[in-house]
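Structure below is structure.csv: CSV, C-alpha atoms and all ligand atoms.
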```csv
chain,number,residue,atom,x,y,z
W,1,MET,CA,-22.0,-19.3,25.0
W,2,PRO,CA,-25.0,-17.9,23.1
W,3,ASN,CA,-24.4,-14.7,21.0
W,4,THR,CA,-26.1,-12.0,23.0
W,5,PHE,CA,-26.2,-9.4,20.3
W,6,THR,CA,-29.7,-8.4,19.0
W,7,GLU,CA,-30.3,-5.9,16.3
W,8,PRO,CA,-31.7,-2.6,17.8
W,9,GLU,CA,-35.2,-1.6,16.8
W,10,PRO,CA,-35.1,1.1,14.2
W,11,SER,CA,-36.2,4.4,15.5
W,12,PRO,CA,-39.5,5.5,13.8
W,13,LEU,CA,-38.2,9.0,13.9
W,14,LEU,CA,-35.0,8.2,12.2
W,15,LEU,CA,-35.2,10.9,9.5
W,16,LEU,CA,-38.1,13.0,10.8
W,17,LEU,CA,-35.9,15.8,11.8
W,18,GLY,CA,-37.4,19.1,12.9
W,19,VAL,CA,-40.8,17.6,13.2
W,20,GLY,CA,-40.8,15.3,16.2
W,21,GLU,CA,-39.0,14.4,19.3
W,22,ASP,CA,-37.4,11.2,20.4
W,23,PRO,CA,-36.3,11.5,24.0
W,24,LEU,CA,-34.3,8.3,23.9
W,25,SER,CA,-32.2,9.4,21.0
W,26,GLU,CA,-30.5,12.4,19.6
W,27,ARG,CA,-32.3,11.8,16.4
W,28,GLY,CA,-35.5,13.7,15.8
W,29,VAL,CA,-35.8,17.0,17.4
W,30,ASP,CA,-38.3,19.8,17.6
W,31,CYS,CA,-37.2,23.1,16.2
W,32,PRO,CA,-39.3,25.5,18.3
W,33,GLY,CA,-40.2,28.5,16.1
W,34,GLY,CA,-39.7,26.3,13.1
W,35,LEU,CA,-36.9,25.9,10.6
W,36,PRO,CA,-36.6,28.4,7.8
W,37,ALA,CA,-37.4,26.8,4.5
W,38,PRO,CA,-34.3,25.7,2.5
W,39,SER,CA,-35.8,27.7,-0.4
W,40,ASP,CA,-35.9,30.9,1.5
W,41,PRO,CA,-33.9,33.4,-0.7
W,42,ASP,CA,-32.9,35.4,2.4
W,43,LEU,CA,-31.1,32.7,4.3
W,44,VAL,CA,-27.6,34.1,3.7
W,45,GLU,CA,-28.7,37.6,4.7
W,46,ARG,CA,-30.5,36.2,7.8
W,47,ALA,CA,-27.4,34.2,8.9
W,48,ALA,CA,-25.2,37.3,8.4
W,49,ALA,CA,-27.6,39.5,10.3
W,50,ALA,CA,-27.9,37.1,13.2
W,51,LYS,CA,-24.1,36.6,13.4
W,52,GLU,CA,-23.6,40.3,13.4
W,53,ALA,CA,-26.2,40.8,16.1
W,54,LEU,CA,-24.5,38.2,18.3
W,55,GLY,CA,-21.1,39.6,17.7
W,56,ASP,CA,-18.4,38.3,20.0
W,57,ARG,CA,-21.1,36.6,22.2
W,58,ALA,CA,-21.1,33.7,19.7
W,59,PHE,CA,-18.1,31.8,18.3
W,60,ILE,CA,-18.9,29.6,15.3
W,61,LEU,CA,-16.7,26.6,14.7
W,62,GLY,CA,-16.8,24.7,11.4
W,63,HIS,CA,-15.3,21.2,10.8
W,64,HIS,CA,-13.7,20.8,7.4
W,65,TYR,CA,-16.5,18.4,6.3
W,66,GLN,CA,-19.2,21.0,6.7
W,67,ARG,CA,-21.0,22.3,3.6
W,68,ASP,CA,-19.7,25.5,2.0
W,69,GLU,CA,-22.9,27.4,3.0
W,70,VAL,CA,-22.0,26.7,6.6
W,71,ILE,CA,-18.3,27.2,6.4
W,72,ALA,CA,-19.0,30.7,5.0
W,73,PHE,CA,-20.1,31.7,8.5
W,74,ALA,CA,-17.5,29.9,10.6
W,75,ASP,CA,-15.1,32.1,12.7
W,76,VAL,CA,-12.6,29.2,12.5
W,77,THR,CA,-12.4,26.0,10.6
W,78,GLY,CA,-10.4,23.0,11.5
W,79,ASP,CA,-10.0,19.3,12.2
W,80,SER,CA,-11.4,17.8,15.3
W,81,PHE,CA,-8.2,18.5,17.3
W,82,LYS,CA,-7.9,22.1,16.2
W,83,LEU,CA,-11.6,22.8,16.9
W,84,ALA,CA,-11.3,21.4,20.4
W,85,GLN,CA,-8.3,23.6,21.1
W,86,LYS,CA,-10.1,26.7,19.6
W,87,ALA,CA,-13.2,26.1,21.7
W,88,ALA,CA,-11.0,25.8,24.8
W,89,ALA,CA,-9.2,29.0,24.0
W,90,ARG,CA,-12.4,31.1,23.7
W,91,PRO,CA,-13.6,31.8,27.3
W,92,GLU,CA,-15.0,35.2,26.3
W,93,SER,CA,-17.7,33.8,24.1
W,94,GLU,CA,-21.0,33.1,25.7
W,95,PHE,CA,-22.1,30.7,22.9
W,96,ILE,CA,-20.0,28.2,21.0
W,97,VAL,CA,-22.0,27.2,17.9
W,98,PHE,CA,-20.5,24.0,16.8
W,99,CYS,CA,-20.9,23.1,13.1
W,100,GLY,CA,-19.6,19.6,13.2
W,101,VAL,CA,-20.9,16.4,14.8
W,102,HIS,CA,-22.2,15.6,18.3
W,103,PHE,CA,-19.0,14.1,19.8
W,104,MET,CA,-17.1,17.3,18.8
W,105,ALA,CA,-19.7,19.5,20.4
W,106,GLU,CA,-19.6,17.3,23.6
W,107,SER,CA,-15.8,17.8,23.7
W,108,ALA,CA,-16.2,21.5,23.3
W,109,ASP,CA,-18.7,21.5,26.2
W,110,ILE,CA,-16.2,19.6,28.4
W,111,LEU,CA,-13.3,21.9,27.5
W,112,THR,CA,-15.2,25.2,28.0
W,113,SER,CA,-16.3,26.8,31.3
W,114,ASP,CA,-19.6,26.0,33.0
W,115,ASP,CA,-21.2,29.3,32.0
W,116,GLN,CA,-20.5,28.9,28.3
W,117,ILE,CA,-23.2,27.3,26.2
W,118,VAL,CA,-22.4,24.9,23.3
W,119,VAL,CA,-25.0,24.6,20.6
W,120,LEU,CA,-25.2,22.0,17.8
W,121,PRO,CA,-27.5,23.4,15.1
W,122,ASP,CA,-28.9,19.9,14.3
W,123,MET,CA,-29.0,17.2,17.0
W,124,ALA,CA,-29.1,14.6,14.3
W,125,ALA,CA,-25.5,15.3,13.4
W,126,GLY,CA,-24.2,12.2,15.1
W,127,CYS,CA,-21.4,10.0,14.0
W,128,SER,CA,-22.0,6.3,13.1
W,129,MET,CA,-18.4,5.4,14.2
W,130,ALA,CA,-19.0,6.9,17.7
W,131,ASP,CA,-22.2,4.9,17.9
W,132,MET,CA,-20.2,1.7,17.4
W,133,ALA,CA,-18.9,1.9,21.0
W,134,ALA,CA,-21.5,2.1,23.7
W,135,ALA,CA,-20.5,2.7,27.3
W,136,ASP,CA,-21.9,-0.7,28.5
W,137,GLN,CA,-20.1,-2.5,25.8
W,138,VAL,CA,-16.8,-0.9,26.7
W,139,GLU,CA,-17.4,-1.7,30.4
W,140,ALA,CA,-18.1,-5.3,29.5
W,141,ALA,CA,-14.9,-5.4,27.3
W,142,TRP,CA,-12.9,-4.2,30.2
W,143,ARG,CA,-14.3,-7.0,32.4
W,144,THR,CA,-13.2,-9.4,29.6
W,145,LEU,CA,-9.6,-8.0,29.8
W,146,GLU,CA,-9.7,-8.3,33.6
W,147,ALA,CA,-10.8,-11.9,33.4
W,148,ALA,CA,-8.0,-12.6,30.9
W,149,GLY,CA,-5.5,-11.0,33.4
W,150,VAL,CA,-4.4,-8.2,31.0
W,151,ALA,CA,-6.4,-5.1,32.2
W,152,ASP,CA,-3.6,-4.0,34.6
W,153,VAL,CA,-1.2,-3.6,31.7
W,154,THR,CA,-3.6,-2.2,29.2
W,155,ILE,CA,-4.0,1.6,28.5
W,156,PRO,CA,-7.2,2.7,26.7
W,157,VAL,CA,-6.6,5.1,23.8
W,158,THR,CA,-9.8,6.5,22.6
W,159,TYR,CA,-10.3,8.4,19.3
W,160,MET,CA,-12.0,11.8,19.6
W,161,ASN,CA,-14.8,10.2,17.6
W,162,SER,CA,-16.5,8.7,20.6
W,163,THR,CA,-19.2,9.7,23.1
W,164,ALA,CA,-18.3,11.6,26.3
W,165,ALA,CA,-19.1,8.5,28.3
W,166,ILE,CA,-16.4,6.6,26.5
W,167,LYS,CA,-14.0,9.4,27.0
W,168,ALA,CA,-14.8,9.4,30.7
W,169,PHE,CA,-14.2,5.7,30.9
W,170,THR,CA,-10.8,6.3,29.3
W,171,GLY,CA,-9.9,9.0,31.8
W,172,GLU,CA,-10.9,6.8,34.7
W,173,HIS,CA,-8.8,3.9,33.4
W,174,GLY,CA,-5.6,5.9,32.9
W,175,GLY,CA,-5.9,6.4,29.2
W,176,THR,CA,-5.9,9.3,26.7
W,177,ILE,CA,-7.8,10.6,23.8
W,178,CYS,CA,-6.3,11.0,20.4
W,179,THR,CA,-7.3,12.5,17.1
W,180,SER,CA,-6.1,11.6,13.6
W,181,SER,CA,-3.5,14.3,13.9
W,182,ASN,CA,-1.9,13.0,17.1
W,183,ALA,CA,-2.6,9.2,17.2
W,184,GLU,CA,1.1,8.4,16.9
W,185,GLN,CA,2.1,10.6,20.0
W,186,SER,CA,-0.9,9.2,21.9
W,187,LEU,CA,0.1,5.6,21.2
W,188,ARG,CA,3.8,6.3,22.1
W,189,TRP,CA,2.6,7.8,25.4
W,190,ALA,CA,0.4,4.8,26.1
W,191,PHE,CA,3.2,2.3,25.5
W,192,GLU,CA,5.3,4.2,28.0
W,193,HIS,CA,2.6,3.6,30.6
W,194,GLY,CA,1.5,0.0,29.8
W,195,GLU,CA,2.2,-3.0,27.7
W,196,LYS,CA,-1.0,-3.1,25.6
W,197,VAL,CA,-3.4,-0.6,24.2
W,198,LEU,CA,-7.2,-0.9,23.9
W,199,PHE,CA,-7.8,1.3,20.9
W,200,LEU,CA,-11.4,2.4,20.3
W,201,PRO,CA,-13.6,2.9,18.4
W,202,ASP,CA,-11.8,3.0,15.0
W,203,GLN,CA,-9.9,-0.2,14.3
W,204,HIS,CA,-8.4,1.4,11.1
W,205,LEU,CA,-6.8,4.4,12.7
W,206,GLY,CA,-5.5,2.1,15.5
W,207,ARG,CA,-4.0,-0.4,13.1
W,208,ASN,CA,-2.6,2.2,10.6
W,209,THR,CA,-0.9,4.1,13.4
W,210,ALA,CA,0.5,1.0,15.1
W,211,VAL,CA,1.9,-0.6,12.0
W,212,LEU,CA,2.9,2.5,9.9
W,213,ASP,CA,4.1,4.9,12.7
W,214,LEU,CA,5.1,2.5,15.5
W,215,GLY,CA,6.5,-0.2,13.3
W,216,MET,CA,4.4,-3.0,14.8
W,217,ASP,CA,3.4,-6.2,12.9
W,218,LEU,CA,-0.2,-6.8,11.9
W,219,ALA,CA,0.1,-9.9,14.1
W,220,ASP,CA,0.5,-7.6,17.1
W,221,CYS,CA,-3.1,-6.4,16.5
W,222,VAL,CA,-6.3,-8.3,17.3
W,223,VAL,CA,-9.9,-7.1,16.8
W,224,PHE,CA,-12.2,-7.0,19.7
W,225,ASP,CA,-15.8,-7.5,18.5
W,226,PRO,CA,-18.2,-6.2,21.1
W,227,HIS,CA,-21.0,-8.3,19.5
W,228,LYS,CA,-19.2,-11.6,20.2
W,229,PRO,CA,-18.8,-13.2,23.6
W,230,GLY,CA,-15.4,-12.3,25.0
W,231,GLY,CA,-14.9,-10.0,22.0
W,232,GLY,CA,-14.4,-13.1,19.9
W,233,LEU,CA,-10.9,-13.5,21.3
W,234,THR,CA,-9.3,-16.1,23.6
W,235,ALA,CA,-7.4,-15.2,26.7
W,236,GLN,CA,-4.2,-16.3,25.0
W,237,GLU,CA,-4.9,-14.0,22.0
W,238,LEU,CA,-5.5,-11.1,24.4
W,239,ALA,CA,-2.3,-11.9,26.3
W,240,GLN,CA,-0.2,-12.0,23.1
W,241,ALA,CA,-1.7,-8.9,21.5
W,242,ARG,CA,-0.1,-5.4,21.8
W,243,MET,CA,-3.0,-3.6,20.1
W,244,ILE,CA,-6.5,-4.6,21.0
W,245,LEU,CA,-8.6,-2.8,18.3
W,246,TRP,CA,-12.3,-2.2,18.8
W,247,ARG,CA,-14.3,-3.4,15.9
W,248,GLY,CA,-15.5,0.0,14.7
W,249,HIS,CA,-15.0,2.0,11.5
W,250,CYS,CA,-16.1,5.0,9.6
W,251,SER,CA,-18.7,4.2,7.0
W,252,VAL,CA,-17.6,7.1,4.8
W,253,HIS,CA,-13.9,6.2,4.7
W,254,GLY,CA,-14.7,2.5,4.5
W,255,ARG,CA,-15.9,3.1,1.0
W,256,PHE,CA,-12.4,3.7,-0.5
W,257,THR,CA,-10.9,0.5,-1.8
W,258,GLU,CA,-7.6,-0.8,-3.2
W,259,GLN,CA,-9.4,-0.9,-6.5
W,260,SER,CA,-10.1,2.8,-6.3
W,261,VAL,CA,-6.4,3.5,-5.9
W,262,ASP,CA,-5.4,1.1,-8.8
W,263,GLU,CA,-8.0,2.7,-11.1
W,264,ILE,CA,-6.9,6.3,-10.5
W,265,ARG,CA,-3.2,5.4,-10.9
W,266,GLU,CA,-4.0,3.8,-14.2
W,267,LYS,CA,-6.1,6.7,-15.4
W,268,VAL,CA,-3.8,9.5,-14.1
W,269,PRO,CA,-0.1,8.7,-14.4
W,270,GLY,CA,1.9,10.3,-11.6
W,271,VAL,CA,-1.1,11.0,-9.4
W,272,ASN,CA,-0.4,11.4,-5.7
W,273,VAL,CA,-2.9,9.5,-3.5
W,274,LEU,CA,-3.6,11.2,-0.2
W,275,VAL,CA,-6.0,9.5,2.3
W,276,HIS,CA,-7.3,9.9,5.8
W,277,PRO,CA,-6.1,7.3,8.3
W,278,GLU,CA,-9.7,6.2,8.9
W,279,CYS,CA,-9.3,4.3,5.5
W,280,ARG,CA,-8.7,0.6,5.6
W,281,HIS,CA,-5.1,-0.6,6.0
W,282,GLU,CA,-4.9,-2.0,2.5
W,283,VAL,CA,-5.9,1.3,1.1
W,284,VAL,CA,-3.5,3.3,3.2
W,285,LEU,CA,-0.7,1.0,2.2
W,286,LYS,CA,-1.3,1.8,-1.4
W,287,ALA,CA,-1.5,5.5,-0.8
W,288,ASP,CA,1.4,8.0,-1.0
W,289,TYR,CA,0.4,10.2,1.9
W,290,VAL,CA,-1.9,9.7,4.9
W,291,GLY,CA,-3.1,12.2,7.5
W,292,SER,CA,-5.9,14.2,9.2
W,293,THR,CA,-8.1,16.7,7.4
W,294,GLU,CA,-5.8,19.5,8.5
W,295,TYR,CA,-2.8,17.6,7.1
W,296,ILE,CA,-4.6,17.0,3.8
W,297,ILE,CA,-5.3,20.8,3.5
W,298,LYS,CA,-1.7,21.7,4.3
W,299,THR,CA,-0.3,19.1,1.9
W,300,LEU,CA,-2.3,20.4,-1.0
W,301,ALA,CA,-1.5,24.0,-0.1
W,302,ALA,CA,2.2,23.1,-0.3
W,303,ALA,CA,1.9,21.0,-3.5
W,304,GLU,CA,3.6,22.2,-6.7
W,305,PRO,CA,1.2,23.7,-9.4
W,306,GLY,CA,0.5,21.2,-12.1
W,307,THR,CA,0.6,18.1,-9.8
W,308,SER,CA,-2.3,15.7,-9.6
W,309,TRP,CA,-3.9,14.5,-6.4
W,310,ALA,CA,-6.6,11.9,-5.6
W,311,ILE,CA,-8.0,12.4,-2.1
W,312,GLY,CA,-9.6,9.8,0.1
W,313,THR,CA,-11.8,11.7,2.5
W,314,GLU,CA,-15.2,13.3,2.7
W,315,LEU,CA,-16.5,15.0,-0.4
W,316,ASN,CA,-17.4,18.5,0.9
W,317,LEU,CA,-13.7,19.0,1.7
W,318,VAL,CA,-12.3,17.5,-1.5
W,319,ARG,CA,-14.6,19.6,-3.6
W,320,ARG,CA,-13.7,22.8,-1.7
W,321,LEU,CA,-10.0,22.0,-2.1
W,322,ALA,CA,-10.4,21.5,-5.9
W,323,GLU,CA,-12.0,24.9,-6.1
W,324,GLN,CA,-9.3,26.5,-4.0
W,325,HIS,CA,-6.5,25.1,-6.0
W,326,PRO,CA,-7.3,25.5,-9.7
W,327,ASP,CA,-3.6,25.2,-10.5
W,328,LYS,CA,-3.6,21.6,-9.3
W,329,ARG,CA,-5.6,18.7,-10.5
W,330,ILE,CA,-7.5,17.5,-7.4
W,331,MET,CA,-9.8,14.5,-7.7
W,332,PHE,CA,-12.0,12.4,-5.4
W,333,LEU,CA,-10.5,8.9,-4.9
W,334,ASP,CA,-13.8,7.0,-5.3
W,335,ARG,CA,-16.1,6.8,-8.2
W,336,THR,CA,-19.2,7.2,-6.1
W,337,ILE,CA,-20.4,10.2,-4.1
W,338,CYS,CA,-19.1,10.1,-0.5
W,339,TYR,CA,-20.5,12.7,1.8
W,340,CYS,CA,-20.7,12.2,5.5
W,341,SER,CA,-24.5,12.3,5.9
W,342,THR,CA,-24.5,13.3,9.5
W,343,MET,CA,-22.0,16.2,9.0
W,344,ASN,CA,-24.3,17.3,6.2
W,345,ARG,CA,-27.3,17.5,8.5
W,346,ILE,CA,-26.1,20.9,9.5
W,347,ASP,CA,-27.2,23.2,6.7
W,348,LEU,CA,-28.0,26.9,6.4
W,349,PRO,CA,-31.6,26.6,7.6
W,350,HIS,CA,-30.4,24.9,10.8
W,351,LEU,CA,-27.6,27.4,11.3
W,352,VAL,CA,-30.0,30.4,10.8
W,353,TRP,CA,-32.5,28.8,13.2
W,354,ALA,CA,-29.9,28.3,15.9
W,355,LEU,CA,-28.4,31.8,15.5
W,356,GLU,CA,-31.7,33.6,15.3
W,357,SER,CA,-32.9,31.7,18.4
W,358,LEU,CA,-29.8,32.9,20.3
W,359,VAL,CA,-30.5,36.5,19.1
W,360,GLU,CA,-34.0,36.1,20.7
W,361,ASP,CA,-32.3,34.8,23.9
W,362,ARG,CA,-33.6,31.3,23.3
W,363,VAL,CA,-31.0,28.6,23.6
W,364,VAL,CA,-31.7,25.7,21.3
W,365,ASN,CA,-30.0,22.4,21.0
W,366,GLN,CA,-27.7,22.9,23.9
W,367,ILE,CA,-25.1,20.1,24.4
W,368,VAL,CA,-24.7,19.4,28.1
W,369,VAL,CA,-22.4,16.7,29.4
W,370,ASP,CA,-23.2,15.7,32.9
W,371,PRO,CA,-20.6,16.9,35.4
W,372,GLU,CA,-19.3,13.5,36.5
W,373,THR,CA,-18.8,12.3,32.9
W,374,ALA,CA,-17.3,15.7,32.0
W,375,ARG,CA,-14.8,15.5,34.9
W,376,TRP,CA,-13.3,12.2,33.8
W,377,ALA,CA,-13.6,12.9,30.1
W,378,ARG,CA,-11.6,16.1,30.7
W,379,VAL,CA,-8.9,14.1,32.4
W,380,ALA,CA,-8.5,12.1,29.2
W,381,LEU,CA,-8.7,15.1,27.0
W,382,ASP,CA,-6.2,17.0,29.1
W,383,ARG,CA,-3.8,14.1,28.8
W,384,MET,CA,-4.0,14.4,25.0
W,385,LEU,CA,-3.6,18.2,25.1
W,386,ALA,CA,-0.5,17.8,27.3
W,387,LEU,CA,1.3,15.4,25.0
W,388,PRO,CA,4.6,16.7,23.7
W,389,GLY,CA,4.3,18.5,20.4
W,390,VAL,CA,0.5,18.4,20.6
W,391,GLY,CA,-0.5,21.1,23.0
W,392,ALA,CA,0.6,24.1,21.0
W,393,THR,CA,-2.2,26.3,19.6
W,394,PRO,CA,-2.0,26.4,15.8
W,395,SER,CA,-1.3,29.9,14.6
W,396,ASP,CA,-4.2,30.0,12.1
N,1,LIG,P1,-10.2,14.9,11.6
N,1,LIG,O1,-9.8,14.8,13.0
N,1,LIG,O2,-9.1,14.6,10.6
N,1,LIG,O3,-10.9,16.2,11.3
N,1,LIG,O4,-11.3,13.8,11.3
N,1,LIG,C1,-12.5,13.8,11.9
N,1,LIG,C2,-13.5,12.9,11.3
N,1,LIG,O5,-14.6,12.7,11.7
N,1,LIG,C3,-13.0,12.2,10.2
N,1,LIG,O6,-14.0,11.3,9.7
N,2,LIG,FE1,-18.1,10.0,11.8
N,2,LIG,FE2,-17.0,9.1,9.5
N,2,LIG,FE3,-18.7,11.2,9.5
N,2,LIG,FE4,-16.2,11.4,10.5
N,2,LIG,S1,-16.8,11.0,8.4
N,2,LIG,S2,-18.1,12.2,11.4
N,2,LIG,S3,-16.0,9.3,11.5
N,2,LIG,S4,-19.2,9.0,10.1
```

As a first step, turn the structure in this file into structure tokens.
Ligand code: 13P
Ligand code: SF4
Amino acid sequence: MPNTFTEPEPSPLLLLLGVGEDPLSERGVDCPGGLPAPSDPDLVERAAAAKEALGDRAFILGHHYQRDEVIAFADVTGDSFKLAQKAAARPESEFIVFCGVHFMAESADILTSDDQIVVLPDMAAGCSMADMAAADQVEAAWRTLEAAGVADVTIPVTYMNSTAAIKAFTGEHGGTICTSSNAEQSLRWAFEHGEKVLFLPDQHLGRNTAVLDLGMDLADCVVFDPHKPGGGLTAQELAQARMILWRGHCSVHGRFTEQSVDEIREKVPGVNVLVHPECRHEVVLKADYVGSTEYIIKTLAAAEPGTSWAIGTELNLVRRLAEQHPDKRIMFLDRTICYCSTMNRIDLPHLVWALESLVEDRVVNQIVVDPETARWARVALDRMLALPGVGATPSD
């Protein structure tokens, strides 16, 4: 069979943010009224004044990977799971201003009431991992599983880092959502309901959880490549596999290597290596600790003064942790800079623009998930929120 994959045409508006509009993509967006200049010395005062003017009408959520200048105005910070819970628990706020990435804001829209408005200050804040699983590819993959006779015993488990459409597919097909803080519980739940899991879109989180938390063999896992006919797998391989991992990954966490771990251990004797589960399996195997952004924060808060830590996750968070814990030696695991470029799209000018627009009763960059997609996506999200040990609202 011929390979049907063709490279997509690059968008001419890829980086022309705030100055154009691309109706086919979330990249490129007009900012009516104009973005304040990044050099404007009054940005901090403007953000504070707009936030005060909005009061309880607006609830600002900030993911741990956001810039300091944005985190300074967040009412709550968290990992993707905690932020989803916090958005759902805030019915009194008219506006949810989501400082994170697009899929997180979509989840907030799904979990909040119809009369609440979710705003993403920069529509270009997408996620390259979420883009690696398109709805038509996932539908086609399911047909492949049906043809191989395994769809009936397969439960989809979808990482939060996915579009609302993929979450809806998951809900419709009896599956659940997971985040990096509850992937183990989600997989255990799935294996109580089926024999196999289709895990998407992050192959690394799926593999790391299956092997390290559920005790599976690497041989139980196969990788489904949506760009290859039949996923690049035979019906026999699909029949034998327990974990069918979508071929997706995070380009930020993909940068950490085994060599980075070896180098830091050589340079800093006794260093603790702590990585996010989106890192490759070989890297996670060499690490001492693995967990979500919230886990990383809590682990460092509980660490003994004088201890050394090399952290494998996004740089805004690692830098902030190093500043917050001057009594511990906190380093970045890689030698090169490693920001999430899309998380970084949300900066103070975009936040000021979004908040001031709301003050002027002008809603900008609203995230709206269509009702049918939202209905099924909510089914999958609610399954996650109902998992034992997962639904409790964190106290902070
Ligand atoms: P957390 O759920 O750990 O916050 O991770 C989200 C994310 O995008 C990591 O790349
Ligand atoms: Fe997506 Fe990776 Fe950025 Fe997280 S760090 S938002 S997975 S690109």

Item checked: Nearby residues, (-14.5, -14.8, 23.2) file frame, 9 Å, all atoms listed in the file, as an MDAnalysis selection string -> chainID W and resid 1 144 224:225 228:235

Keeping C-alpha atoms, export the residues of the selection given above as a PDB file, keeping the file's coordinate frame.
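Final output, saved to out.pdb:
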```
ATOM      1  CA  MET W   1     -22.000 -19.300  25.000  1.00  0.00           C
ATOM      2  CA  THR W 144     -13.200  -9.400  29.600  1.00  0.00           C
ATOM      3  CA  PHE W 224     -12.200  -7.000  19.700  1.00  0.00           C
ATOM      4  CA  ASP W 225     -15.800  -7.500  18.500  1.00  0.00           C
ATOM      5  CA  LYS W 228     -19.200 -11.600  20.200  1.00  0.00           C
ATOM      6  CA  PRO W 229     -18.800 -13.200  23.600  1.00  0.00           C
ATOM      7  CA  GLY W 230     -15.400 -12.300  25.000  1.00  0.00           C
ATOM      8  CA  GLY W 231     -14.900 -10.000  22.000  1.00  0.00           C
ATOM      9  CA  GLY W 232     -14.400 -13.100  19.900  1.00  0.00           C
ATOM     10  CA  LEU W 233     -10.900 -13.500  21.300  1.00  0.00           C
ATOM     11  CA  THR W 234      -9.300 -16.100  23.600  1.00  0.00           C
ATOM     12  CA  ALA W 235      -7.400 -15.200  26.700  1.00  0.00           C
TER      13      ALA W 235
END
```

Checklist line | Separation of atom CA of Arg207 of chain W from atom CA of Leu317 of chain W, in Å and rounded to one decimal | finding: 24.5 Å

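Pocket residues of ligand LIG 2 (chain N), taken as those with any atom at most 7 Å away using all atoms listed in the file, are Val101, Cys127, Ser128, Met129, Ala130, Asn161, Cys250, Ser251, Val252, His253, Glu314, Cys340, Ser341, Thr342 and Met343 of chain W.
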
Checklist line | Point-to-point distance from atom CA of Thr299 of chain W to atom CA of Ile337 of chain W, Å rounded to tenths | finding: 22.8 Å

Next item on the list: Please provide as JSON, numbers by chain all residues within 6 Å of Gly194 of chain W, with the sequence filter that same-chain residues fewer than 4 positions apart are discarded (counting all atoms listed in the file).
Entry: {"W": [153, 154, 155]}

Next, the residues of the selection above should be written as a PDB file, in the frame of the given file with C-alpha atoms.
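The new file selection.pdb reads:
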```pdb
ATOM      1  CA  VAL W 153      -1.200  -3.600  31.700  1.00  0.00           C
ATOM      2  CA  THR W 154      -3.600  -2.200  29.200  1.00  0.00           C
ATOM      3  CA  ILE W 155      -4.000   1.600  28.500  1.00  0.00           C
TER       4      ILE W 155
END
```

Check: Can you list, as a list in words, every protein, DNA or RNA residue that comes within 10 Å of Leu145 of chain W when you count all atoms listed in the file, leaving out same-chain residues fewer than 3 positions away?
Finding: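 Near Leu145 of chain W, the qualifying residues are Ala140, Ala141, Trp142, Ala148, Gly149, Val150, Ala151, Asp152, Val153, Thr154, Leu198, Gly230, Gly231, Ala235, Leu238, Ala239 and Ile244 of chain W.
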
Residues as selected, C-alpha atoms, written as a PDB file, in the frame of the given file, can you do that?
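So the final result, stored in out-v5.pdb, reads:
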```
ATOM      1  CA  ALA W 140     -18.100  -5.300  29.500  1.00  0.00           C
ATOM      2  CA  ALA W 141     -14.900  -5.400  27.300  1.00  0.00           C
ATOM      3  CA  TRP W 142     -12.900  -4.200  30.200  1.00  0.00           C
ATOM      4  CA  ALA W 148      -8.000 -12.600  30.900  1.00  0.00           C
ATOM      5  CA  GLY W 149      -5.500 -11.000  33.400  1.00  0.00           C
ATOM      6  CA  VAL W 150      -4.400  -8.200  31.000  1.00  0.00           C
ATOM      7  CA  ALA W 151      -6.400  -5.100  32.200  1.00  0.00           C
ATOM      8  CA  ASP W 152      -3.600  -4.000  34.600  1.00  0.00           C
ATOM      9  CA  VAL W 153      -1.200  -3.600  31.700  1.00  0.00           C
ATOM     10  CA  THR W 154      -3.600  -2.200  29.200  1.00  0.00           C
ATOM     11  CA  LEU W 198      -7.200  -0.900  23.900  1.00  0.00           C
ATOM     12  CA  GLY W 230     -15.400 -12.300  25.000  1.00  0.00           C
ATOM     13  CA  GLY W 231     -14.900 -10.000  22.000  1.00  0.00           C
ATOM     14  CA  ALA W 235      -7.400 -15.200  26.700  1.00  0.00           C
ATOM     15  CA  LEU W 238      -5.500 -11.100  24.400  1.00  0.00           C
ATOM     16  CA  ALA W 239      -2.300 -11.900  26.300  1.00  0.00           C
ATOM     17  CA  ILE W 244      -6.500  -4.600  21.000  1.00  0.00           C
TER      18      ILE W 244
END
```

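Minimum distance to Val363 of chain W across W:Ala49, W:Glu94, W:Pro38, W:Asp56 (counting all atoms listed in the file) occurs at W:Glu94.
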
Next item on the list: Using only C-alpha atoms and all ligand atoms, pick whichever of W:Leu200, W:Ala386, W:Ala374, W:Met160 has the shortest atom-to-atom distance to ligand LIG 1 (chain N).
Entry: W:Met160

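With distances restricted to all atoms listed in the file, W:His63 is the closest residue to ligand LIG 1 (chain N) from W:His63, W:His325, W:Arg345, W:Arg90.
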
Check: Looking at W:Thr373, W:Ser113, W:Ser181, W:Thr77, which one is nearest to Cys99 of chain W, with distances taken over all atoms listed in the file?
Finding: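 Counting all atoms listed in the file, the residue closest to Cys99 of chain W is W:Thr77.
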
Set out as CSV a contact list for chain W and ligand LIG 1 (chain N) with a cut-off of 7 Å, giving each residue of chain W that qualifies its closest atom pair and distance in Å to one decimal, counting only C-alpha atoms and all ligand atoms, ordered by chain and rising residue number.
```
residue,atom,partner,partner_atom,distance
W:His63,CA,N:LIG1,O3,6.7
W:His64,CA,N:LIG1,O3,6.6
W:Gly78,CA,N:LIG1,O3,6.8
W:Asp79,CA,N:LIG1,O3,3.4
W:Ser80,CA,N:LIG1,O1,4.1
W:Phe81,CA,N:LIG1,O1,5.9
W:Asn161,CA,N:LIG1,O5,6.4
W:Thr179,CA,N:LIG1,O1,5.3
W:Ser180,CA,N:LIG1,O1,4.9
W:Ser181,CA,N:LIG1,O1,6.4
W:Cys250,CA,N:LIG1,O6,6.6
W:His276,CA,N:LIG1,O2,7.0
W:Glu278,CA,N:LIG1,O6,6.7
W:Ser292,CA,N:LIG1,O2,3.5
W:Thr293,CA,N:LIG1,O2,4.0
W:Glu294,CA,N:LIG1,O2,6.3
```
